[in-house]
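Here is the structure we will look at.
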Amino acid sequence: MTERDETSTRRRAAAAGALLLLALAGPVAAQTAPAAAAAAAPSPEAQRLYLRSLAATCAHCHGTDGRAVQGEALVALAGRPREDLLTQLMAFRTGDRKATIMHQITRGYSEVQLEMLAAYFAAQK
Amino acid sequence: MQRRRVLKSLAAALPAAALGACASVDRQARPQVVVVGGGWGGSTAAKYVRMLSDRRIDVTLVEPNAAFVSCPISNLVLSGRRELADITLSYDQLVARHGVRLVRGRVAAVDVQQRQLRLDDGSTLRYDKLVLSPGVDMMWDSVQGLQAAHAQGRILHAWKAGPETVALRRQLQAMRDGGAYAIVIPEAPYRCPPGPYERASVVAAYFKREKPRSKVLILDANPDVTSKGPLFKKAWAEIYGTMVEYRAQHKAVAVDAAANTVKFEVQDDVKADVLNVLPTMRAGEIAVQTGLANANARWCHVDFLSFESTAAKHVHVVGDSIQIAQGMPKSGHMANSHAKVAAAAITAELLGLPVNAHPMLTNVCMSFVDDTHVIHVASVHEYVPTQKTFRTIGGSGGVSDVRSDLEAVYNQGWARNIWADMLS
């Protein structure tokens, strides 16, 4: 991994943390960014619930927690390498990889959210 | 080892009441969620509350039917490409794998003050949070004579998959070659926007195969096709030619079952050999009866952060019964999406965690236009706090470029995976 890669990974990880804070902080804190930043970091349990909820938006087509029914064309995401997942998701999003639906779906998620999803599904055994 | 086995069998032999105070205290202490309706919304809600709470919340699912029957794919039963058994699934895994308590029954009344519901058999269930997912019920008065014709089995809607789907299939099979099938569509919103057009398409595919001189009439109360219009119209013109005829602004007001005729508000009467009339729809009866249908006395307003009813605390409504946000179809996929947001919010509230302030929803509706080609519409929705509602995310979503057999393969994968996401 080059230094530039590392920096960008770190920056994206920080952004993911900030998004999680905003998502969990609720409407009042969300109105004032400094207040959100100052608020205590969400508990691991709260973070886990948020991530599982985000990942649940993929489960309709790819199975609960990315465990698809075996043999179907819509593939399982669980346990696939994080970088592979992210590369594919981003390729759908930019249109580099042709698709019937996934380009339309991935454009509904921020890059940070796609990072979180790739990490989540990679971690599923 | 021996001793443990004896204890185990003893415990199994004891009636629940004999376990006494201990068991009942434990039961009272654990948060109780009751889900009413084991369709697309309710099954998902039951499973996801169990999952997201890591089984710390007890869930009881109340459902009158012995098995789940899928409305999506049910049009293929009409065209003879699937059997009812192919779209019928068991509730067993919800119980065995997820520890959902399944109660076969119908809810007679909900007491939102006492947080208790009474079932048909007189038994009661207490809840900390209630999820109602009762789907739609028919507003029979919207079409004069329809309820009686339906009760006699003369004019069917088959808009709730099950025995009625098979009955409509039999009517189509019994129809002579050269006859006409007419599907009559109510004003939106109704369950499954593209469903009637898919049905018309696959019935035409069946006719083309087996009764090529027959006709399909689509009589639509709406000013135009309500979903995937250009794709459907292109398919009708290119695949079926004059066999399929689409007529907009045909709002049915009455049927004459003896004369096989539908009467419309403005247009001339239409006679057909097989009449398939979809009445105007509203929220499921139990939601209406509980006083939750506060949108035109027809649909249920909810707080979109949690899908809690705006009419009653601790009662969450998901699926087709709700007053939808802009661009949000009444679909099975969407009901599953609602249920996940509701399940996460309920789990958070009952376990003392923050409720997600930015929930998201996805939707994909796929439709067959013949036996082997499918088109889709997809969307991604986010909660917008300043507007307190869901909005589709700019730049996301869309429809198929063209109908394709590849999407038919994906459609099967979608069905199998979403059924498993609800029930396995």
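Residue numbering restarts at 1 in every chain; chains get A, B, ... in the order shown in the structure tokens, and ligands count up from 1 in that same order.
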
Residues within 12 Å of Thr392 in chain B, please, as a PyMOL selection string. Count only C-alpha atoms; anything in the same chain fewer than 2 positions from it doesn't count.
(chain A and resi 104-105+107-109) or (chain B and resi 325-329+360-363+378-384+389-390+394-398)

Would you save the residues from that selection as a PDB file, in the first residue's frame, using C-alpha atoms?
```pdb
ATOM      1  CA  GLN A 104     -28.990   2.823 -10.286  1.00  0.00           C
ATOM      2  CA  ILE A 105     -28.751   1.434  -6.740  1.00  0.00           C
ATOM      3  CA  ARG A 107     -25.780   6.021  -6.944  1.00  0.00           C
ATOM      4  CA  GLY A 108     -28.134   6.224  -3.961  1.00  0.00           C
ATOM      5  CA  TYR A 109     -25.232   5.672  -1.544  1.00  0.00           C
TER       6      TYR A 109
ATOM      7  CA  ALA B 325     -44.193   9.222   0.739  1.00  0.00           C
ATOM      8  CA  GLN B 326     -43.570  10.630  -2.736  1.00  0.00           C
ATOM      9  CA  GLY B 327     -42.121   8.019  -5.108  1.00  0.00           C
ATOM     10  CA  MET B 328     -42.697   5.173  -2.645  1.00  0.00           C
ATOM     11  CA  PRO B 329     -44.656   2.311  -4.242  1.00  0.00           C
ATOM     12  CA  MET B 360     -32.701   4.430   4.050  1.00  0.00           C
ATOM     13  CA  LEU B 361     -35.008   2.325   1.911  1.00  0.00           C
ATOM     14  CA  THR B 362     -34.530   0.542  -1.374  1.00  0.00           C
ATOM     15  CA  ASN B 363     -37.090  -0.704  -3.854  1.00  0.00           C
ATOM     16  CA  ALA B 378     -35.553   0.647  -8.923  1.00  0.00           C
ATOM     17  CA  SER B 379     -35.189   3.436  -6.370  1.00  0.00           C
ATOM     18  CA  VAL B 380     -33.212   4.405  -3.272  1.00  0.00           C
ATOM     19  CA  HIS B 381     -34.832   6.600  -0.606  1.00  0.00           C
ATOM     20  CA  GLU B 382     -33.413   8.543   2.334  1.00  0.00           C
ATOM     21  CA  TYR B 383     -35.107  10.148   5.308  1.00  0.00           C
ATOM     22  CA  VAL B 384     -34.870  13.937   5.114  1.00  0.00           C
ATOM     23  CA  THR B 389     -40.300  12.186   5.139  1.00  0.00           C
ATOM     24  CA  PHE B 390     -38.473   9.925   2.697  1.00  0.00           C
ATOM     25  CA  GLY B 394     -31.177  12.412  -6.794  1.00  0.00           C
ATOM     26  CA  GLY B 395     -29.282  10.565  -9.537  1.00  0.00           C
ATOM     27  CA  SER B 396     -30.226   7.140  -8.195  1.00  0.00           C
ATOM     28  CA  GLY B 397     -32.839   4.686  -9.415  1.00  0.00           C
ATOM     29  CA  GLY B 398     -34.399   4.235 -12.822  1.00  0.00           C
TER      30      GLY B 398
END
```

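Within range 157-209 of chain B, residues classed as alpha helix (DSSP H) by DSSP on backbone coordinates are Pro163, Glu164, Thr165, Val166, Ala167, Leu168, Arg169, Arg170, Gln171, Leu172, Gln173, Ala174, Gly195, Pro196, Tyr197, Glu198, Arg199, Ala200, Ser201, Val202, Val203, Ala204, Ala205, Tyr206, Phe207, Lys208 and Arg209 of chain B.
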
Chain B near chain A within 6 Å: what's each residue's closest atom pair and its distance in Å to one decimal, counting only C-alpha atoms, ordered by chain then ascending residue number, as JSON lines?
```
{"residue": "B:Asn356", "atom": "CA", "partner": "A:Leu24", "partner_atom": "CA", "distance": 5.2}
{"residue": "B:Ala357", "atom": "CA", "partner": "A:Gly26", "partner_atom": "CA", "distance": 5.0}
{"residue": "B:His358", "atom": "CA", "partner": "A:Ala23", "partner_atom": "CA", "distance": 5.4}
{"residue": "B:Val380", "atom": "CA", "partner": "A:Gly108", "partner_atom": "CA", "distance": 5.4}
{"residue": "B:Ile393", "atom": "CA", "partner": "A:Gly108", "partner_atom": "CA", "distance": 5.6}
{"residue": "B:Ser396", "atom": "CA", "partner": "A:Arg107", "partner_atom": "CA", "distance": 4.8}
{"residue": "B:Gly397", "atom": "CA", "partner": "A:Gln104", "partner_atom": "CA", "distance": 4.4}
{"residue": "B:Gly413", "atom": "CA", "partner": "A:Glu72", "partner_atom": "CA", "distance": 5.1}
{"residue": "B:Trp414", "atom": "CA", "partner": "A:Cys61", "partner_atom": "CA", "distance": 4.9}
{"residue": "B:Asn417", "atom": "CA", "partner": "A:Gly63", "partner_atom": "CA", "distance": 5.2}
{"residue": "B:Ile418", "atom": "CA", "partner": "A:His60", "partner_atom": "CA", "distance": 4.5}
{"residue": "B:Asp421", "atom": "CA", "partner": "A:Thr64", "partner_atom": "CA", "distance": 5.3}
```

Those same residues - C-alpha atoms - I'd like them written as a PDB file, in the first residue's frame.
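Ended up saving to part_5.pdb:
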```pdb
ATOM      1  CA  ASN B 356     -31.048   5.996  13.489  1.00  0.00           C
ATOM      2  CA  ALA B 357     -31.758   9.577  12.367  1.00  0.00           C
ATOM      3  CA  HIS B 358     -31.044   8.845   8.683  1.00  0.00           C
ATOM      4  CA  VAL B 380     -33.212   4.405  -3.272  1.00  0.00           C
ATOM      5  CA  ILE B 393     -32.048  10.245  -3.799  1.00  0.00           C
ATOM      6  CA  SER B 396     -30.226   7.140  -8.195  1.00  0.00           C
ATOM      7  CA  GLY B 397     -32.839   4.686  -9.415  1.00  0.00           C
ATOM      8  CA  GLY B 413     -32.750 -14.618  -7.775  1.00  0.00           C
ATOM      9  CA  TRP B 414     -34.522 -11.612  -6.315  1.00  0.00           C
ATOM     10  CA  ASN B 417     -33.358 -14.110  -1.841  1.00  0.00           C
ATOM     11  CA  ILE B 418     -36.078 -11.801  -0.597  1.00  0.00           C
ATOM     12  CA  ASP B 421     -34.665 -12.564   3.826  1.00  0.00           C
TER      13      ASP B 421
END
```

So that I can see what lies close to Leu89 in chain B, please list as a PDB file with N, CA and C atoms, in the first residue's frame the residues with an atom at most 12 Å from it, counting only C-alpha atoms and leaving out residues fewer than 4 positions away in the same chain.
```pdb
ATOM      1  N   GLY B  38     -48.345 -11.860   8.620  1.00  0.00           N
ATOM      2  CA  GLY B  38     -47.101 -12.501   8.203  1.00  0.00           C
ATOM      3  C   GLY B  38     -46.847 -12.390   6.717  1.00  0.00           C
ATOM      4  N   GLY B  39     -47.084 -11.214   6.146  1.00  0.00           N
ATOM      5  CA  GLY B  39     -46.763 -10.989   4.734  1.00  0.00           C
ATOM      6  C   GLY B  39     -45.356 -10.422   4.600  1.00  0.00           C
ATOM      7  N   TRP B  40     -45.171  -9.624   3.565  1.00  0.00           N
ATOM      8  CA  TRP B  40     -43.841  -9.085   3.250  1.00  0.00           C
ATOM      9  C   TRP B  40     -43.320  -8.183   4.349  1.00  0.00           C
ATOM     10  N   SER B  43     -43.475 -10.492   8.270  1.00  0.00           N
ATOM     11  CA  SER B  43     -42.461 -11.539   8.430  1.00  0.00           C
ATOM     12  C   SER B  43     -41.082 -10.912   8.621  1.00  0.00           C
ATOM     13  N   ASN B  65     -53.128 -17.387   8.166  1.00  0.00           N
ATOM     14  CA  ASN B  65     -52.892 -18.436   7.168  1.00  0.00           C
ATOM     15  C   ASN B  65     -51.793 -19.394   7.603  1.00  0.00           C
ATOM     16  N   ALA B  66     -51.902 -20.636   7.138  1.00  0.00           N
ATOM     17  CA  ALA B  66     -50.950 -21.684   7.515  1.00  0.00           C
ATOM     18  C   ALA B  66     -49.597 -21.482   6.853  1.00  0.00           C
ATOM     19  N   ALA B  67     -49.581 -20.815   5.693  1.00  0.00           N
ATOM     20  CA  ALA B  67     -48.323 -20.621   4.968  1.00  0.00           C
ATOM     21  C   ALA B  67     -48.348 -19.267   4.277  1.00  0.00           C
ATOM     22  N   PHE B  68     -47.168 -18.828   3.886  1.00  0.00           N
ATOM     23  CA  PHE B  68     -47.013 -17.569   3.154  1.00  0.00           C
ATOM     24  C   PHE B  68     -47.189 -17.840   1.664  1.00  0.00           C
ATOM     25  N   VAL B  69     -47.988 -17.017   0.992  1.00  0.00           N
ATOM     26  CA  VAL B  69     -48.101 -17.120  -0.467  1.00  0.00           C
ATOM     27  C   VAL B  69     -47.683 -15.782  -1.064  1.00  0.00           C
ATOM     28  N   SER B  70     -46.744 -15.827  -1.995  1.00  0.00           N
ATOM     29  CA  SER B  70     -46.159 -14.609  -2.548  1.00  0.00           C
ATOM     30  C   SER B  70     -47.022 -14.000  -3.643  1.00  0.00           C
ATOM     31  N   CYS B  71     -47.370 -12.718  -3.500  1.00  0.00           N
ATOM     32  CA  CYS B  71     -48.044 -12.023  -4.613  1.00  0.00           C
ATOM     33  C   CYS B  71     -47.073 -11.839  -5.788  1.00  0.00           C
ATOM     34  N   LEU B  84     -48.967 -22.873  -7.766  1.00  0.00           N
ATOM     35  CA  LEU B  84     -49.136 -22.183  -6.485  1.00  0.00           C
ATOM     36  C   LEU B  84     -48.087 -22.676  -5.475  1.00  0.00           C
ATOM     37  N   ALA B  85     -47.747 -23.954  -5.559  1.00  0.00           N
ATOM     38  CA  ALA B  85     -46.755 -24.520  -4.633  1.00  0.00           C
ATOM     39  C   ALA B  85     -45.393 -23.817  -4.753  1.00  0.00           C
ATOM     40  N   GLN B  93     -39.144 -21.690   9.559  1.00  0.00           N
ATOM     41  CA  GLN B  93     -37.802 -21.184   9.885  1.00  0.00           C
ATOM     42  C   GLN B  93     -37.837 -19.967  10.814  1.00  0.00           C
ATOM     43  N   LEU B  94     -38.900 -19.174  10.691  1.00  0.00           N
ATOM     44  CA  LEU B  94     -39.022 -18.030  11.603  1.00  0.00           C
ATOM     45  C   LEU B  94     -39.064 -18.527  13.041  1.00  0.00           C
ATOM     46  N   GLY B 162     -53.198 -16.831  -3.663  1.00  0.00           N
ATOM     47  CA  GLY B 162     -53.724 -17.978  -2.927  1.00  0.00           C
ATOM     48  C   GLY B 162     -54.727 -18.709  -3.800  1.00  0.00           C
ATOM     49  N   ALA B 415     -36.487 -13.046  -6.112  1.00  0.00           N
ATOM     50  CA  ALA B 415     -37.586 -13.681  -5.380  1.00  0.00           C
ATOM     51  C   ALA B 415     -37.044 -14.645  -4.321  1.00  0.00           C
ATOM     52  N   ARG B 416     -36.117 -15.495  -4.720  1.00  0.00           N
ATOM     53  CA  ARG B 416     -35.595 -16.490  -3.776  1.00  0.00           C
ATOM     54  C   ARG B 416     -34.891 -15.814  -2.611  1.00  0.00           C
ATOM     55  N   ILE B 418     -35.232 -12.626  -1.473  1.00  0.00           N
ATOM     56  CA  ILE B 418     -36.078 -11.801  -0.597  1.00  0.00           C
ATOM     57  C   ILE B 418     -37.037 -12.686   0.210  1.00  0.00           C
ATOM     58  N   TRP B 419     -37.476 -13.788  -0.372  1.00  0.00           N
ATOM     59  CA  TRP B 419     -38.285 -14.730   0.419  1.00  0.00           C
ATOM     60  C   TRP B 419     -37.463 -15.241   1.611  1.00  0.00           C
ATOM     61  N   ALA B 420     -36.201 -15.561   1.335  1.00  0.00           N
ATOM     62  CA  ALA B 420     -35.336 -16.049   2.426  1.00  0.00           C
ATOM     63  C   ALA B 420     -35.056 -14.934   3.437  1.00  0.00           C
ATOM     64  N   MET B 422     -37.039 -12.705   4.351  1.00  0.00           N
ATOM     65  CA  MET B 422     -38.231 -12.560   5.191  1.00  0.00           C
ATOM     66  C   MET B 422     -38.431 -13.747   6.115  1.00  0.00           C
ATOM     67  N   LEU B 423     -38.198 -14.940   5.576  1.00  0.00           N
ATOM     68  CA  LEU B 423     -38.742 -16.143   6.221  1.00  0.00           C
ATOM     69  C   LEU B 423     -37.714 -17.158   6.687  1.00  0.00           C
ATOM     70  N   SER B 424     -36.456 -17.037   6.266  1.00  0.00           N
ATOM     71  CA  SER B 424     -35.468 -18.064   6.613  1.00  0.00           C
ATOM     72  C   SER B 424     -34.374 -17.533   7.536  1.00  0.00           C
TER      73      SER B 424
END
```
